[in-house]
file target-v2.txt (compact mmCIF, C-alpha atoms)
# COMPACT_ATOMS: atom_id res chain seq x y z
CA MET A 1 109.81 -18.78 29.65
CA LYS A 2 111.04 -17.36 26.32
CA LYS A 3 109.43 -20.23 24.40
CA PHE A 4 106.07 -19.49 26.03
CA ALA A 5 106.31 -15.70 25.42
CA PRO A 6 104.87 -15.49 21.85
CA PHE A 7 101.84 -17.60 22.86
CA ALA A 8 101.34 -15.71 26.14
CA ASP A 9 101.68 -12.26 24.54
CA ASN A 10 99.77 -12.79 21.31
CA ILE A 11 97.28 -15.62 21.75
CA LEU A 12 96.52 -15.97 25.47
CA PRO A 13 94.86 -12.51 25.96
CA TRP A 14 92.51 -13.09 23.01
CA LEU A 15 91.82 -16.67 24.06
CA THR A 16 90.95 -15.42 27.56
CA CYS A 17 88.58 -12.73 26.18
CA LEU A 18 86.90 -15.22 23.84
CA THR A 19 86.43 -17.93 26.48
CA MET A 20 85.24 -15.38 29.06
CA LEU A 21 82.60 -14.05 26.63
CA THR A 22 81.51 -17.64 25.89
CA ALA A 23 81.31 -18.33 29.63
CA LEU A 24 79.17 -15.22 30.20
CA ALA A 25 76.85 -16.21 27.35
CA ALA A 26 76.57 -19.73 28.78
CA VAL A 27 75.78 -18.45 32.29
CA PHE A 28 73.25 -15.79 31.28
CA LEU A 29 71.69 -17.23 28.10
CA TYR A 30 72.20 -20.99 27.95
CA VAL A 31 72.01 -22.67 31.34
CA PRO A 32 68.55 -23.00 32.96
CA ASN A 33 67.76 -21.84 36.49
CA GLU A 34 68.26 -24.40 39.23
CA GLN A 35 64.83 -25.43 40.58
CA VAL A 36 65.40 -24.78 44.30
CA GLN A 37 67.84 -21.83 44.40
CA GLY A 38 66.80 -19.98 41.22
CA ALA A 39 69.03 -17.30 39.64
CA PRO A 40 71.60 -16.95 42.48
CA GLN A 41 72.73 -20.53 41.81
CA ARG A 42 74.36 -19.26 38.57
CA ILE A 43 76.98 -17.52 40.74
CA PHE A 44 78.33 -21.04 41.27
CA TYR A 45 79.65 -21.13 37.64
CA PHE A 46 82.19 -18.43 38.52
CA HIS A 47 82.57 -19.35 42.19
CA LEU A 48 83.74 -22.94 41.68
CA PRO A 49 86.29 -22.24 38.87
CA ALA A 50 87.65 -19.36 41.00
CA ALA A 51 88.05 -21.83 43.89
CA TRP A 52 89.87 -24.32 41.65
CA ASN A 53 92.16 -21.53 40.41
CA THR A 54 92.87 -20.61 44.04
CA PHE A 55 93.95 -24.19 44.77
CA LEU A 56 95.99 -24.32 41.56
CA GLY A 57 97.72 -21.06 42.45
CA PHE A 58 98.60 -22.17 45.98
CA PHE A 59 99.77 -25.61 44.82
CA ILE A 60 102.10 -23.80 42.38
CA VAL A 61 103.33 -21.65 45.31
CA ALA A 62 104.07 -24.79 47.35
CA GLY A 63 105.80 -26.61 44.46
CA ALA A 64 107.86 -23.58 43.41
CA SER A 65 108.74 -22.81 47.05
CA ALA A 66 109.94 -26.40 47.57
CA SER A 67 112.03 -26.10 44.41
CA TYR A 68 113.44 -22.77 45.62
CA LEU A 69 114.38 -24.22 49.02
CA TRP A 70 115.88 -27.32 47.38
CA GLN A 71 117.80 -25.74 44.50
CA GLY A 72 117.78 -22.03 45.34
CA ASP A 73 116.91 -21.00 41.78
CA ARG A 74 115.55 -17.50 41.27
CA PHE A 75 112.88 -18.45 38.74
CA SER A 76 111.10 -20.76 41.23
CA ASP A 77 111.04 -17.94 43.76
CA LEU A 78 109.55 -15.52 41.23
CA LEU A 79 106.99 -18.13 40.13
CA ALA A 80 105.94 -18.69 43.77
CA GLN A 81 105.53 -14.93 44.29
CA ALA A 82 103.47 -14.50 41.12
CA ALA A 83 101.28 -17.57 41.82
CA ALA A 84 100.65 -16.41 45.40
CA GLU A 85 99.39 -13.03 44.22
CA VAL A 86 97.17 -14.50 41.48
CA GLY A 87 95.93 -17.22 43.88
CA MET A 88 95.06 -14.51 46.41
CA LEU A 89 93.08 -12.65 43.76
CA PHE A 90 90.99 -15.74 43.00
CA CYS A 91 90.61 -16.55 46.70
CA THR A 92 89.21 -13.03 47.20
CA LEU A 93 86.76 -13.65 44.34
CA VAL A 94 85.71 -16.93 45.99
CA LEU A 95 84.96 -15.10 49.26
CA ILE A 96 83.08 -12.26 47.53
CA THR A 97 80.96 -14.45 45.23
CA GLY A 98 80.30 -16.96 48.01
CA SER A 99 79.15 -14.20 50.31
CA ILE A 100 76.81 -12.72 47.68
CA TRP A 101 75.37 -16.21 47.02
CA ALA A 102 74.92 -16.90 50.76
CA ARG A 103 72.79 -13.79 51.37
CA PRO A 104 69.67 -14.91 49.41
CA ILE A 105 70.18 -18.67 50.05
CA TRP A 106 71.22 -18.80 53.73
CA GLY A 107 69.94 -15.36 54.73
CA VAL A 108 73.38 -14.19 55.93
CA TRP A 109 76.47 -12.75 54.22
CA TRP A 110 78.82 -14.91 56.28
CA THR A 111 78.64 -17.85 58.67
CA TRP A 112 81.43 -19.74 60.45
CA ASP A 113 80.79 -22.96 58.51
CA PRO A 114 83.90 -25.25 58.49
CA ARG A 115 84.59 -24.79 54.78
CA LEU A 116 84.12 -21.02 54.89
CA THR A 117 86.35 -20.81 57.93
CA MET A 118 89.07 -22.86 56.21
CA VAL A 119 88.91 -20.58 53.13
CA ALA A 120 89.23 -17.53 55.40
CA ILE A 121 92.29 -19.16 57.04
CA LEU A 122 93.75 -19.95 53.60
CA TRP A 123 93.26 -16.35 52.50
CA THR A 124 94.97 -15.09 55.68
CA ILE A 125 97.97 -17.44 55.27
CA TYR A 126 98.66 -16.36 51.70
CA ALA A 127 97.92 -12.69 52.47
CA ALA A 128 100.71 -13.02 55.06
CA TYR A 129 102.93 -14.63 52.41
CA VAL A 130 102.30 -11.81 49.88
CA LEU A 131 102.80 -9.14 52.54
CA LEU A 132 106.03 -10.77 53.68
CA ARG A 133 107.36 -10.79 50.12
CA VAL A 134 106.37 -7.18 49.47
CA LEU A 135 107.92 -5.89 52.70
CA ALA A 136 111.05 -8.08 52.55
CA GLY A 137 112.31 -6.91 49.15
CA ASP A 138 115.47 -8.84 48.21
CA ASN A 139 116.13 -10.31 51.68
CA GLU A 140 117.02 -13.96 51.02
CA LEU A 141 116.37 -15.15 54.58
CA ILE A 142 112.83 -13.78 54.56
CA ALA A 143 112.30 -15.29 51.09
CA ARG A 144 113.17 -18.68 52.64
CA TYR A 145 110.80 -18.16 55.60
CA ALA A 146 108.07 -17.17 53.13
CA ALA A 147 108.78 -20.31 51.08
CA VAL A 148 108.21 -22.44 54.20
CA LEU A 149 104.94 -20.57 54.83
CA GLY A 150 103.95 -21.17 51.20
CA ILE A 151 104.47 -24.92 51.65
CA VAL A 152 102.78 -25.19 55.06
CA GLY A 153 99.83 -23.07 53.92
CA VAL A 154 98.88 -25.52 51.19
CA LEU A 155 98.09 -28.16 53.84
CA ASP A 156 94.91 -26.17 54.51
CA ILE A 157 93.51 -27.20 51.10
CA PRO A 158 92.92 -30.94 51.76
CA ILE A 159 91.39 -30.03 55.15
CA LEU A 160 89.15 -27.51 53.40
CA TYR A 161 88.11 -30.17 50.90
CA VAL A 162 86.99 -32.72 53.50
CA ALA A 163 85.69 -30.10 55.97
CA VAL A 164 82.07 -30.47 54.78
CA ARG A 165 82.07 -34.22 55.46
CA LEU A 166 84.25 -34.19 58.57
CA TRP A 167 82.44 -31.46 60.50
CA ARG A 168 79.02 -31.64 58.78
CA GLY A 169 79.04 -28.10 57.46
CA ILE A 170 76.20 -26.49 55.52
CA HIS A 171 78.27 -25.66 52.43
CA PRO A 172 76.68 -27.47 49.43
CA LYS A 173 78.46 -30.44 47.81
CA VAL A 174 78.39 -30.96 44.05
CA GLU A 175 77.34 -34.53 43.33
CA ARG A 176 75.21 -34.62 40.20
CA MET A 177 74.20 -31.99 37.69
CA ALA A 178 72.20 -31.69 34.47
CA PRO A 179 74.22 -31.84 31.20
CA GLU A 180 73.61 -28.12 30.47
CA MET A 181 74.98 -27.26 33.90
CA ALA A 182 78.00 -29.54 33.45
CA TRP A 183 78.77 -27.94 30.05
CA THR A 184 78.47 -24.43 31.46
CA LEU A 185 80.76 -25.34 34.34
CA LEU A 186 83.27 -26.80 31.86
CA VAL A 187 83.26 -23.64 29.71
CA CYS A 188 83.65 -21.42 32.79
CA THR A 189 86.49 -23.59 34.09
CA GLY A 190 88.29 -23.30 30.73
CA ALA A 191 87.80 -19.51 30.71
CA PHE A 192 89.10 -19.18 34.27
CA LEU A 193 92.10 -21.36 33.51
CA CYS A 194 93.02 -19.11 30.55
CA LEU A 195 92.57 -16.07 32.79
CA PHE A 196 94.75 -17.65 35.47
CA ALA A 197 97.53 -18.44 32.98
CA TRP A 198 97.41 -14.93 31.50
CA LEU A 199 97.49 -13.15 34.89
CA LEU A 200 100.28 -15.42 36.10
CA TRP A 201 102.26 -14.63 32.97
CA LEU A 202 101.76 -10.85 33.36
CA ARG A 203 102.79 -10.92 37.04
CA LEU A 204 105.79 -13.12 36.33
CA ARG A 205 106.94 -10.76 33.58
CA SER A 206 106.73 -7.73 35.89
CA LEU A 207 108.71 -9.60 38.56
CA LYS A 208 111.36 -10.43 35.94
CA LEU A 209 111.51 -6.73 35.05
CA GLN A 210 112.00 -5.86 38.74
CA ASP A 211 114.89 -8.31 38.80
CA GLU A 212 116.37 -6.74 35.68
CA ILE A 213 116.14 -3.27 37.28
CA ALA A 214 117.90 -4.51 40.42
CA ALA A 215 120.68 -6.02 38.26
CA LEU A 216 121.07 -2.80 36.25
CA ARG A 217 121.25 -0.75 39.46
CA ARG A 218 123.93 -3.05 40.85
CA GLU A 219 125.84 -2.75 37.58
CA ALA A 220 125.53 1.07 37.67
CA LEU A 221 126.79 1.15 41.26
CA THR A 222 129.79 -1.07 40.59
CA SER A 223 130.80 0.83 37.45
CA SER A 224 130.62 4.26 39.17
CA MET B 1 68.53 -11.77 39.79
CA GLN B 2 70.01 -8.71 41.59
CA TYR B 3 72.41 -10.94 43.58
CA LEU B 4 73.55 -12.61 40.37
CA PHE B 5 74.36 -9.23 38.79
CA ALA B 6 76.01 -8.03 41.99
CA ALA B 7 78.28 -11.10 42.03
CA PHE B 8 79.26 -10.78 38.38
CA CYS B 9 79.83 -7.01 38.69
CA ALA B 10 82.06 -7.65 41.73
CA VAL B 11 84.09 -10.25 39.78
CA TRP B 12 84.59 -7.93 36.82
CA ILE B 13 85.44 -4.90 38.97
CA VAL B 14 88.07 -6.86 40.97
CA LEU B 15 89.59 -8.33 37.78
CA PHE B 16 89.59 -4.94 36.04
CA LEU B 17 91.29 -3.22 38.99
CA TYR B 18 93.93 -5.95 39.22
CA LEU B 19 94.65 -5.78 35.46
CA LEU B 20 94.86 -1.98 35.67
CA SER B 21 97.33 -2.14 38.56
CA LEU B 22 99.38 -4.79 36.72
CA SER B 23 99.58 -2.75 33.53
CA ARG B 24 100.54 0.41 35.47
CA ARG B 25 103.28 -1.45 37.34
CA GLN B 26 104.48 -2.99 34.06
CA ARG B 27 104.65 0.40 32.31
CA ALA B 28 106.51 2.01 35.21
CA LEU B 29 109.01 -0.86 35.33
CA SER B 30 109.58 -0.79 31.55
CA ARG B 31 110.24 2.96 31.72
CA GLU B 32 112.71 2.44 34.57
CA VAL B 33 114.54 -0.33 32.67
CA GLU B 34 114.81 1.93 29.60
CA ALA B 35 116.08 4.86 31.69
CA LEU B 36 118.69 2.69 33.41
CA ARG B 37 119.85 1.22 30.09
CA HIS B 38 120.24 4.72 28.59
CA MET B 39 122.15 5.82 31.67
CA MET B 40 124.49 2.81 31.39
CA GLU B 41 125.01 3.40 27.65
CA ARG B 42 125.82 7.09 28.24
CA LYS B 43 128.23 6.14 30.99
CA ASN B 44 129.92 3.53 28.80
CA THR B 45 130.30 5.89 25.81
CA SER B 46 131.61 8.77 27.98
CA GLY B 47 134.00 6.35 29.67
CA ALA B 48 135.31 5.09 26.32
CA SER B 49 135.89 8.58 24.92
call {"tool": "encode", "arguments": {"input": "target-v2.txt", "output": "structure tokens"}}
result
Amino acid sequence: MKKFAPFADNILPWLTCLTMLTALAAVFLYVPNEQVQGAPQRIFYFHLPAAWNTFLGFFIVAGASASYLWQGDRFSDLLAQAAAEVGMLFCTLVLITGSIWARPIWGVWWTWDPRLTMVAILWTIYAAYVLLRVLAGDNELIARYAAVLGIVGVLDIPILYVAVRLWRGIHPKVERMAPEMAWTLLVCTGAFLCLFAWLLWLRLRSLKLQDEIAALRREALTSS
Amino acid sequence: MQYLFAAFCAVWIVLFLYLLSLSRRQRALSREVEALRHMMERKNTSGAS
């Protein structure tokens, strides 16, 4: 973590700002309108990277939780907590942007399509995880239960991925796209990845500070 | 076009609010760490003298 600190503190915020500005310019000035959907289709350039970041965040939660259960190391537990919160943030963005896109295209804000339903379930599972961690404090037993939930919850992602094909949902599938659209998606994905890394770093640092405070309090109590 | 702007505004508002809450939490925690360190130092120096 210390090796990554100079990059994360000095370069990552600027890199995120720069790539986000490039992504905005690409979405609003470079990429053409899609012929059938028109302007609302451009929401997709933030919606899809946000969805990928959600999956990345929850896969990190599952991996770090498995490591915590296996080895019991504190860093894995903190990483799982931070990734769950950042993953939840992106999952919320997926639901919001998807809903705003659905209104002009499908005529409704929300429908119980298989993929949408699976995303709603995913959001609920990790909301429960975050809530459990916030309410549990330093309780190690609850941290272990939450780790199990973090691992089990990730099983929703492959189901979500095949939901459109399995249950014939109406959620669109990306199969082919024009080069301008592919480039814009690539730039937006890069920008969202930088944002993900930066937010994860910030959250992880504040969790480390919380740990430091708990240690200092313990030290103060034992010395008094 | 209004839906496109609504979606992007929503994204930026959510991100801004999260960053704001993170920076507030971070500042509060840093202040608490500093206060605890000062308290420990004072305790150590008074204990030594």
call {"tool": "residues_around", "arguments": {"input": "target-v2.txt", "residues": "region 158-166 of chain A", "least_positions_apart": "4", "cutoff": "9 Å", "atoms": "all atoms listed in the file", "output": "MDAnalysis selection string"}}
result
chainID A and resid 113:119 122 154 170:173
call {"tool": "interface_residues", "arguments": {"input": "target-v2.txt", "of": "chain A", "to": "chain B", "cutoff": "10 Å", "atoms": "all atoms listed in the file", "output": "ChimeraX atom specification"}}
result
/A:24,28,38-44,46-47,50,86,89-90,92-94,96-104,195,199,202-203,205-210,212-214,216-217,219-220,223-224
call {"tool": "residues_around", "arguments": {"input": "target-v2.txt", "residues": "Thr189 (chain A)", "least_positions_apart": "4", "cutoff": "8 Å", "atoms": "all atoms listed in the file", "output": "PyMOL selection string"}}
result
chain A and resi 49+185+193
call {"tool": "residues_near_point", "arguments": {"input": "target-v2.txt", "point": "(106.8, -8.2, 52.9)", "cutoff": "12 Å", "atoms": "all atoms listed in the file", "output": "PyMOL selection string"}}
result
chain A and resi 81+126-143+145-146
call {"tool": "closest_residue", "arguments": {"input": "target-v2.txt", "among": "A:Glu175, A:Asp77, A:Asp211, A:Asp9", "to": "Ser65 (chain A)", "atoms": "only C-alpha atoms"}}
result
A:Asp77
call {"tool": "atom_distance", "arguments": {"input": "target-v2.txt", "atom1": "CA of Ala23 (chain A)", "atom2": "CA of Val187 (chain A)"}}
result
5.7 Å
call {"tool": "atom_distance", "arguments": {"input": "target-v2.txt", "atom1": "CA of Thr54 (chain A)", "atom2": "CA of Asp156 (chain A)"}}
result
12.0 Å
